[in-house]
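Everything below belongs to upload06.cif, which stores mmCIF, C-alpha atoms.
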```cif
data_run
loop_
_atom_site.label_atom_id
_atom_site.label_comp_id
_atom_site.auth_asym_id
_atom_site.auth_seq_id
_atom_site.Cartn_x
_atom_site.Cartn_y
_atom_site.Cartn_z
CA MET K 1 41.41 75.91 85.21
CA THR K 2 44.04 78.64 85.10
CA LYS K 3 47.40 78.33 86.81
CA GLY K 4 48.76 81.65 85.62
CA ARG K 5 47.94 84.58 83.38
CA TYR K 6 50.34 86.98 81.78
CA SER K 7 49.09 90.16 80.16
CA SER K 8 50.51 93.50 79.23
CA SER K 9 49.10 96.74 77.91
CA SER K 10 52.43 97.72 76.35
CA PRO K 11 52.68 97.22 72.56
CA ARG K 12 54.38 93.95 71.70
CA SER K 13 55.09 92.44 68.30
CA ASP K 14 54.01 88.91 67.45
CA GLU K 15 57.65 87.87 67.41
CA GLU K 16 58.18 89.22 70.94
CA LEU K 17 54.95 87.61 72.13
CA ALA K 18 56.02 84.30 70.64
CA GLN K 19 59.34 84.48 72.49
CA MET K 20 57.53 85.14 75.75
CA VAL K 21 55.30 82.13 75.12
CA ILE K 22 58.34 79.94 74.48
CA ASN K 23 59.97 81.21 77.69
CA VAL K 24 56.85 80.25 79.67
CA ALA K 25 56.73 76.86 77.93
CA GLU K 26 60.38 76.12 78.70
CA ALA K 27 60.11 77.19 82.33
CA SER K 28 56.95 75.13 82.89
CA HIS K 29 57.77 72.05 80.76
CA VAL K 30 54.37 72.19 79.06
CA ASP K 31 52.89 69.44 76.88
CA GLY K 32 51.97 71.84 74.12
CA ILE K 33 51.26 75.38 72.96
CA ILE K 34 47.93 76.65 71.67
CA CYS K 35 47.78 79.97 69.89
CA ILE K 36 44.74 81.97 68.80
CA THR K 37 45.40 84.01 65.68
CA GLU K 38 43.52 85.77 62.92
CA SER K 39 46.38 86.57 60.53
CA GLY K 40 48.53 83.54 61.31
CA LEU K 41 51.57 85.68 62.20
CA LEU K 42 51.81 84.56 65.83
CA ALA K 43 51.54 80.93 64.74
CA GLN K 44 54.32 81.34 62.20
CA HIS K 45 56.66 82.88 64.79
CA LEU K 46 55.85 80.11 67.25
CA TYR K 47 56.53 77.42 64.64
CA ARG K 48 59.95 78.94 63.97
CA GLN K 49 60.89 79.36 67.65
CA SER K 50 59.22 76.38 69.29
CA GLY K 51 61.94 73.78 68.91
CA ASP K 52 60.53 70.48 70.19
CA PHE K 53 57.31 72.01 71.53
CA ARG K 54 54.10 71.08 69.76
CA VAL K 55 52.23 74.14 68.47
CA ILE K 56 48.51 74.04 67.64
CA ALA K 57 47.11 77.09 65.88
CA THR K 58 43.42 77.98 66.19
CA THR K 59 41.61 80.59 64.14
CA THR K 60 38.15 81.80 63.10
CA ASN K 61 39.61 83.13 59.84
CA ASN K 62 39.00 80.81 56.87
CA LYS K 63 41.87 82.23 54.81
CA THR K 64 44.34 81.81 57.67
CA TYR K 65 43.09 78.25 58.27
CA ASP K 66 43.61 77.36 54.61
CA THR K 67 47.05 78.97 54.46
CA LEU K 68 48.35 77.18 57.56
CA THR K 69 46.82 73.88 56.45
CA LYS K 70 48.51 74.09 53.04
CA ALA K 71 51.80 74.81 54.83
CA GLY K 72 51.41 71.51 56.69
CA ARG K 73 50.84 73.16 60.08
CA GLU K 74 48.56 71.81 62.80
CA VAL K 75 45.58 74.16 62.79
CA ILE K 76 41.98 73.94 64.03
CA ARG K 77 39.13 76.19 62.97
CA LEU K 78 37.14 77.85 65.77
CA PRO K 79 33.37 78.19 65.24
CA PHE K 80 32.95 81.07 67.69
CA TYR K 81 34.63 84.42 68.20
CA MET K 82 34.00 85.53 71.77
CA ALA K 83 34.04 89.27 72.41
CA ASP K 84 35.71 88.51 75.74
CA LYS K 85 39.31 87.26 75.37
CA TYR K 86 39.16 85.09 78.51
CA HIS K 87 36.16 83.23 77.12
CA GLN K 88 37.98 82.90 73.78
CA ILE K 89 40.92 81.21 75.52
CA ARG K 90 38.55 78.74 77.15
CA HIS K 91 36.72 78.19 73.87
CA ALA K 92 39.96 77.46 72.00
CA ILE K 93 41.12 74.96 74.62
CA ALA K 94 37.70 73.26 74.59
CA VAL K 95 37.75 72.91 70.81
CA VAL K 96 41.29 71.53 70.78
CA LEU K 97 40.37 69.07 73.54
CA ARG K 98 37.25 67.88 71.73
CA CYS K 99 39.29 67.36 68.56
CA SER K 100 41.55 65.02 70.61
CA SER K 101 44.59 67.19 69.95
CA VAL K 102 45.29 67.43 73.70
CA SER K 103 44.18 65.41 76.70
CA ILE K 104 42.72 66.12 80.12
CA GLY K 105 45.60 66.62 82.53
CA ASP K 106 47.96 68.10 79.93
CA LEU K 107 49.77 71.30 80.89
CA ILE K 108 49.54 73.80 78.08
CA VAL K 109 50.26 77.45 77.45
CA CYS K 110 47.70 79.35 75.37
CA ALA K 111 48.30 82.77 73.82
CA ILE K 112 46.19 85.27 71.91
CA GLY K 113 47.88 87.23 69.14
CA HIS K 114 47.43 90.98 69.09
CA ASP K 115 45.58 90.69 65.76
CA VAL K 116 42.61 89.02 67.49
CA TYR K 117 41.67 91.84 69.86
CA LYS K 118 43.42 94.84 68.37
CA GLU K 119 42.26 97.34 70.99
CA LYS K 120 43.05 95.12 73.97
CA GLU K 121 46.16 93.82 75.64
CA THR K 122 47.62 90.44 74.71
CA LEU K 123 47.06 87.43 76.94
CA ILE K 124 49.01 84.28 77.82
CA VAL K 125 47.43 81.59 79.99
CA LEU K 126 49.25 78.64 81.56
CA THR K 127 46.81 75.92 82.56
CA GLU K 128 46.34 72.25 83.25
CA ILE K 129 43.42 71.02 81.19
CA GLU K 130 40.45 69.91 83.29
CA ALA K 131 37.36 67.98 82.22
CA SER K 132 35.14 70.98 82.98
CA VAL K 133 36.67 72.94 80.11
CA GLU K 134 34.72 70.76 77.68
CA ARG K 135 31.59 72.72 78.46
CA LEU K 136 31.11 76.44 78.06
CA ALA K 137 27.48 77.42 77.85
CA ILE K 138 26.81 80.34 75.57
CA SER K 139 24.15 81.26 78.07
CA ASP K 140 27.00 82.00 80.49
CA LEU K 141 27.75 85.02 78.29
CA ILE K 142 24.15 86.18 78.04
CA THR K 143 21.70 87.36 80.64
CA LEU K 144 18.88 84.82 80.45
CA THR K 145 16.03 87.05 81.58
CA ASP K 146 12.31 87.21 80.83
CA GLY K 147 12.29 83.41 80.93
CA ILE K 148 14.69 83.02 77.99
CA GLN K 149 15.07 79.29 77.61
CA PRO K 150 18.38 77.77 76.44
CA LYS K 151 16.50 75.72 73.83
CA ALA K 152 14.98 78.88 72.36
CA LEU K 153 18.39 80.56 72.30
CA GLU K 154 19.95 77.50 70.67
CA THR K 155 17.24 77.37 68.00
CA ALA K 156 17.54 81.09 67.28
CA VAL K 157 21.26 80.63 66.64
CA LEU K 158 20.53 77.57 64.47
CA VAL K 159 18.02 79.44 62.30
CA ALA K 160 20.29 82.50 62.15
CA CYS K 161 23.15 80.31 60.86
CA LYS K 162 20.83 78.89 58.21
CA ILE K 163 20.01 82.41 57.06
CA GLY K 164 23.71 83.31 57.18
CA ARG K 165 24.57 80.47 54.82
CA VAL K 166 21.92 81.69 52.38
CA ALA K 167 23.37 85.21 52.61
CA ARG K 168 26.83 83.85 51.77
CA ARG K 169 25.46 82.30 48.57
CA GLY K 170 24.84 85.79 47.25
CA LYS K 171 21.35 86.47 48.58
CA ARG K 172 21.23 89.92 50.15
CA ILE K 173 19.29 88.93 53.26
CA GLY K 174 19.89 89.48 56.94
CA ALA K 175 17.86 89.13 60.09
CA ILE K 176 17.39 90.19 63.70
CA PHE K 177 15.89 87.90 66.31
CA MET K 178 15.02 89.78 69.49
CA LEU K 179 14.61 87.11 72.14
CA GLY K 180 13.06 87.82 75.55
CA ASP K 181 11.58 90.88 77.27
CA SER K 182 9.32 91.15 74.21
CA ILE K 183 6.92 93.70 75.70
CA LYS K 184 9.76 96.15 76.39
CA VAL K 185 11.27 95.48 72.95
CA GLN K 186 8.00 96.37 71.25
CA GLN K 187 7.54 99.57 73.24
CA GLY K 188 8.36 102.40 70.88
CA SER K 189 8.91 100.02 67.98
CA ARG K 190 6.46 99.80 65.10
CA GLN K 191 5.20 97.27 62.57
CA LEU K 192 6.63 97.90 59.09
CA VAL K 193 4.40 95.31 57.38
CA PRO K 194 1.31 93.40 58.52
CA ASN K 195 2.46 90.83 61.06
CA PRO K 196 2.73 87.57 59.05
CA PHE K 197 2.25 85.53 62.23
CA HIS K 198 -0.99 87.18 63.31
CA GLY K 199 -3.82 84.66 63.66
CA HIS K 200 -1.62 81.58 63.28
CA LYS K 201 -2.00 78.75 65.77
CA LYS K 202 0.64 78.50 68.47
CA SER K 203 2.54 75.57 66.93
CA ARG K 204 3.16 77.68 63.82
CA ARG K 205 4.53 80.52 65.94
CA LEU K 206 7.09 78.56 67.94
CA LEU K 207 10.67 79.05 66.87
CA THR K 208 11.45 75.57 68.19
CA ASN K 209 9.13 74.04 65.55
CA PRO K 210 11.50 72.97 62.72
CA ASP K 211 8.60 72.98 60.25
CA ILE K 212 8.62 76.79 60.15
CA HIS K 213 12.37 77.32 59.76
CA ASP K 214 12.28 77.52 55.96
CA ALA K 215 9.47 80.08 56.25
CA LEU K 216 11.63 82.14 58.61
CA VAL K 217 14.41 82.17 56.02
CA GLU K 218 11.94 83.52 53.46
CA LEU K 219 10.52 86.06 55.89
CA SER K 220 14.04 87.35 56.61
CA LYS K 221 13.83 89.02 53.20
CA LEU K 222 11.39 91.48 54.78
CA ASP K 223 12.65 94.61 56.50
CA GLY K 224 12.45 94.60 60.27
CA ALA K 225 13.08 92.22 63.15
CA PHE K 226 11.53 89.10 64.58
CA VAL K 227 10.33 89.71 68.15
CA LEU K 228 10.07 86.62 70.34
CA ARG K 229 9.19 85.75 73.90
CA GLY K 230 11.82 83.99 75.95
CA ASP K 231 10.21 80.61 75.24
CA GLY K 232 10.58 81.08 71.48
CA PHE K 233 7.00 82.18 70.75
CA ILE K 234 7.13 84.60 67.81
CA GLN K 235 5.18 87.71 68.68
CA ALA K 236 5.77 89.49 65.38
CA ALA K 237 7.99 89.80 62.31
CA GLY K 238 8.79 92.90 60.26
CA VAL K 239 9.22 95.10 63.34
CA PHE K 240 11.14 98.37 63.09
CA LEU K 241 13.25 98.67 66.24
CA THR K 242 13.64 102.04 67.88
CA SER K 243 15.64 103.23 70.88
CA PRO K 244 16.65 106.62 72.25
CA PRO K 245 20.19 107.68 71.33
CA THR K 246 22.72 105.85 73.50
CA GLU K 247 26.47 105.71 73.77
CA MET K 248 27.72 102.19 73.16
CA GLU K 249 30.72 100.43 71.74
CA LEU K 250 30.09 98.75 68.40
CA VAL K 251 32.63 96.74 66.46
CA ALA K 252 33.96 98.73 63.50
CA GLY K 253 32.31 97.85 60.21
CA LEU K 254 28.93 96.84 61.64
CA GLY K 255 25.95 98.69 60.23
CA ALA K 256 22.51 99.95 61.16
CA ARG K 257 21.00 96.50 61.72
CA HIS K 258 23.60 95.66 64.38
CA ALA K 259 23.41 99.12 65.95
CA ALA K 260 19.62 98.93 66.30
CA ALA K 261 19.73 95.44 67.82
CA ALA K 262 22.49 96.37 70.25
CA ALA K 263 20.66 99.54 71.33
CA VAL K 264 17.48 97.61 72.14
CA THR K 265 19.44 95.13 74.29
CA MET K 266 20.76 98.13 76.18
CA ARG K 267 17.29 99.49 77.01
CA SER K 268 15.74 96.06 77.63
CA LYS K 269 16.67 92.64 78.97
CA ALA K 270 16.41 91.03 75.54
CA THR K 271 19.12 89.17 73.67
CA ALA K 272 19.64 89.96 69.97
CA ILE K 273 20.82 87.43 67.40
CA VAL K 274 21.77 89.30 64.23
CA VAL K 275 22.60 87.93 60.77
CA SER K 276 24.72 90.19 58.59
CA ALA K 277 23.58 90.54 54.98
CA THR K 278 27.15 91.50 54.10
CA ASP K 279 29.28 88.65 55.45
CA GLY K 280 26.66 86.15 56.66
CA ASN K 281 28.16 86.02 60.14
CA VAL K 282 25.88 85.67 63.15
CA ARG K 283 26.48 88.02 66.06
CA VAL K 284 24.88 87.90 69.49
CA PHE K 285 24.29 91.05 71.56
CA SER K 286 23.44 91.32 75.25
CA GLY K 287 23.44 94.39 77.47
CA GLY K 288 24.29 96.68 74.56
CA ARG K 289 27.46 94.87 73.49
CA MET K 290 28.45 92.05 71.19
CA VAL K 291 29.29 88.93 73.18
CA LEU K 292 29.65 86.35 70.43
CA GLN K 293 30.30 85.99 66.71
CA ILE K 294 29.55 82.75 64.88
CA ASP K 295 30.70 81.52 61.49
CA PRO K 296 27.60 79.79 60.03
CA ASP K 297 29.75 77.50 57.85
CA VAL K 298 31.66 75.99 60.79
CA SER K 299 29.77 73.23 62.60
CA HIS K 300 29.32 73.44 66.34
CA ALA K 301 27.60 71.37 68.97
CA HIS K 302 24.63 72.27 71.15
CA ILE K 303 24.33 75.67 72.77
CA GLY K 304 25.57 74.24 76.08
CA MET K 305 28.83 73.04 74.57
CA ASP K 306 30.60 75.36 72.18
CA THR K 307 32.92 72.83 70.62
CA PRO K 308 32.50 71.41 67.11
CA SER K 309 32.60 67.82 65.93
CA CYS K 310 36.04 67.18 64.43
#
```
Would you give me this structure, written as structure tokens?
Amino acid sequence: MTKGRYSSSSPRSDEELAQMVINVAEASHVDGIICITESGLLAQHLYRQSGDFRVIATTTNNKTYDTLTKAGREVIRLPFYMADKYHQIRHAIAVVLRCSSVSIGDLIVCAIGHDVYKEKETLIVLTEIEASVERLAISDLITLTDGIQPKALETAVLVACKIGRVARRGKRIGAIFMLGDSIKVQQGSRQLVPNPFHGHKKSRRLLTNPDIHDALVELSKLDGAFVLRGDGFIQAAGVFLTSPPTEMELVAGLGARHAAAAAVTMRSKATAIVVSATDGNVRVFSGGRMVLQIDPDVSHAHIGMDTPSC
């Protein structure tokens, strides 16, 4: 997909970054500019400097989306925040393409503002849009081990988003779904409450059974995690996760629930889907690090295609 990448570790203001983007656009005669921003500052500088170039802003931030929309700017909301900036570039282009704002074959320049990944260098990508960009499997970001099935992963995210929406309505609930490598996950962990799934028939213990999703929302009020096999079979709920002390990078502001889930993915081959009781966001951890953040209020398509219906 990529024709060229421009990155720099030296500090650069949004205004300077915008000028660099315009220089690339002018030299390459692009069909449009896509920017990824959280605060909206990069978009505003691009709008002022772009001249005849079309600028499409993309953001995961609801406030920024509303502000730019009210200002009459072209802006698209992104359902996913990828922890990896290269995946976020691809995600943004895929969303813009699916919303019919650009076409396959267009030459575009895409830039990430420094407010998106504050601890990392900025990134500008010059690319011709190919049909393959329409698909970016979330499973590409996650190690699908212990027989983790994409359908089980997709359903876990779906249920987690449902819980996240409840949390955003003022209910102080959160959840952890530990998917895959369930035997290793349970080693050293302990049951906080009697396992509510013990003795139930298999169909009532499958995450992929939509009839139990409302029950899972209710059970998320309990302390502890859901532990599942890779095929979505729920081994237990109300599990206290334990791991030996480890050094890992955790996004600032995330609490004990996220730290515990991330630590277990470091000592096992499991994937953790975590719902925050504070902001309702859904975060996915693999290999001890966050790989994905999802806004439960923004619609998105199936797990194999990370673009929303526009």
- From the set K:Lys269, K:Arg257, K:His198, K:His29, which residue has the shortest atom-to-atom contact distance to K:Val185, counting only C-alpha atoms? K:Lys269
- Query: Using the chain letters and numbers from the file, which residues does the PyMOL selection byres ((chain K and resi 49) around 8) grab, as an MDAnalysis selection string?
  - Reply: chainID K and resid 18:19 22 45:48 50:51
Let's have the selection written as a CSV table (one decimal), in the coordinates of the input, with C-alpha atoms.
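Final output, result_29.csv:
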```csv
chain,number,residue,atom,x,y,z
K,18,ALA,CA,56.0,84.3,70.6
K,19,GLN,CA,59.3,84.5,72.5
K,22,ILE,CA,58.3,79.9,74.5
K,45,HIS,CA,56.7,82.9,64.8
K,46,LEU,CA,55.8,80.1,67.2
K,47,TYR,CA,56.5,77.4,64.6
K,48,ARG,CA,60.0,78.9,64.0
K,50,SER,CA,59.2,76.4,69.3
K,51,GLY,CA,61.9,73.8,68.9
```
- Find, counting all atoms listed in the file, the residue in K:Ala167, K:Ala156, K:Leu219, K:Ala256 that gets nearest to K:Asp231. K:Ala156
- Message: For the provided coordinates, the residues matched by the PyMOL selection byres ((chain K and resi 259-266) around 10) should be stated as a ChimeraX atom specification.
- Response: /K:176-181,184-186,189,225,240-251,254-258,267-274,284-290
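The two atoms in question, atom CA of K:Gly32 and atom CA of K:Leu107, are spaced 7.1 Å apart.
Atom pair atom CA of K:Ala277 / atom CA of K:Ala92 has a distance of 27.0 Å (rounded to one decimal).
With atom CA of K:Tyr117 on one side and atom CA of K:Val95 on the other, the separation reads 19.4 Å.
If you measure from each of K:Val298, K:His114, K:Thr278, K:Ala215 to K:Ile76 using all atoms listed in the file, the closest one turns out to be K:Val298.
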- Item | Chain and number of each residue from the PyMOL selection byres ((chain K and resi 282) around 7), as JSON, numbers by chain | {"K": [160, 161, 164, 273, 274, 275, 276, 280, 281, 283, 284, 293, 294, 295, 296]}
Residues from the last selection, C-alpha atoms, saved as a CSV table (one decimal), in the frame of the given file:
```csv
chain,number,residue,atom,x,y,z
K,160,ALA,CA,20.3,82.5,62.2
K,161,CYS,CA,23.2,80.3,60.9
K,164,GLY,CA,23.7,83.3,57.2
K,273,ILE,CA,20.8,87.4,67.4
K,274,VAL,CA,21.8,89.3,64.2
K,275,VAL,CA,22.6,87.9,60.8
K,276,SER,CA,24.7,90.2,58.6
K,280,GLY,CA,26.7,86.2,56.7
K,281,ASN,CA,28.2,86.0,60.1
K,283,ARG,CA,26.5,88.0,66.1
K,284,VAL,CA,24.9,87.9,69.5
K,293,GLN,CA,30.3,86.0,66.7
K,294,ILE,CA,29.6,82.8,64.9
K,295,ASP,CA,30.7,81.5,61.5
K,296,PRO,CA,27.6,79.8,60.0
```
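Comparing K:Val102, K:Leu17, K:Ala43, K:Leu126 by their smallest distance to K:Ala71, the closest is K:Ala43 (using only C-alpha atoms).
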Distance query K:Leu41 at most 9 Å, all atoms listed in the file, self and fewer than 5 positions along chain excluded, as a CSV table (one decimal) with C-alpha atoms, in the frame of the given file:
```csv
chain,number,residue,atom,x,y,z
K,14,ASP,CA,54.0,88.9,67.4
K,15,GLU,CA,57.6,87.9,67.4
K,46,LEU,CA,55.8,80.1,67.2
K,113,GLY,CA,47.9,87.2,69.1
K,115,ASP,CA,45.6,90.7,65.8
```
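Proximity to K:Ala83 was assessed for K:Lys70, K:Val116, K:Val157, K:Thr59 counting all atoms listed in the file; the smallest distance is recorded for K:Val116.
Closest approach to K:Val96 among K:Ala131, K:Val75, K:Val227, K:Leu207: K:Val75, based on only C-alpha atoms.
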- Message: Can you tell me which residues surround K:Asn209 at a distance of at most 10 Å, considering all atoms listed in the file, apart from same-chain residues fewer than 4 positions away, and format the answer as a PyMOL selection string?
- Response: chain K and resi 155+203-205+213+232-233
Box in all listed atoms of stretch 104-120 of chain K, axis-aligned, with 3 Å more on each side; write out centre and edge lengths in Å to one decimal as lines of an AutoDock Vina configuration file.
```
center_x = 46.0
center_y = 81.7
center_z = 74.1
size_x = 14.6
size_y = 37.2
size_z = 22.8
```
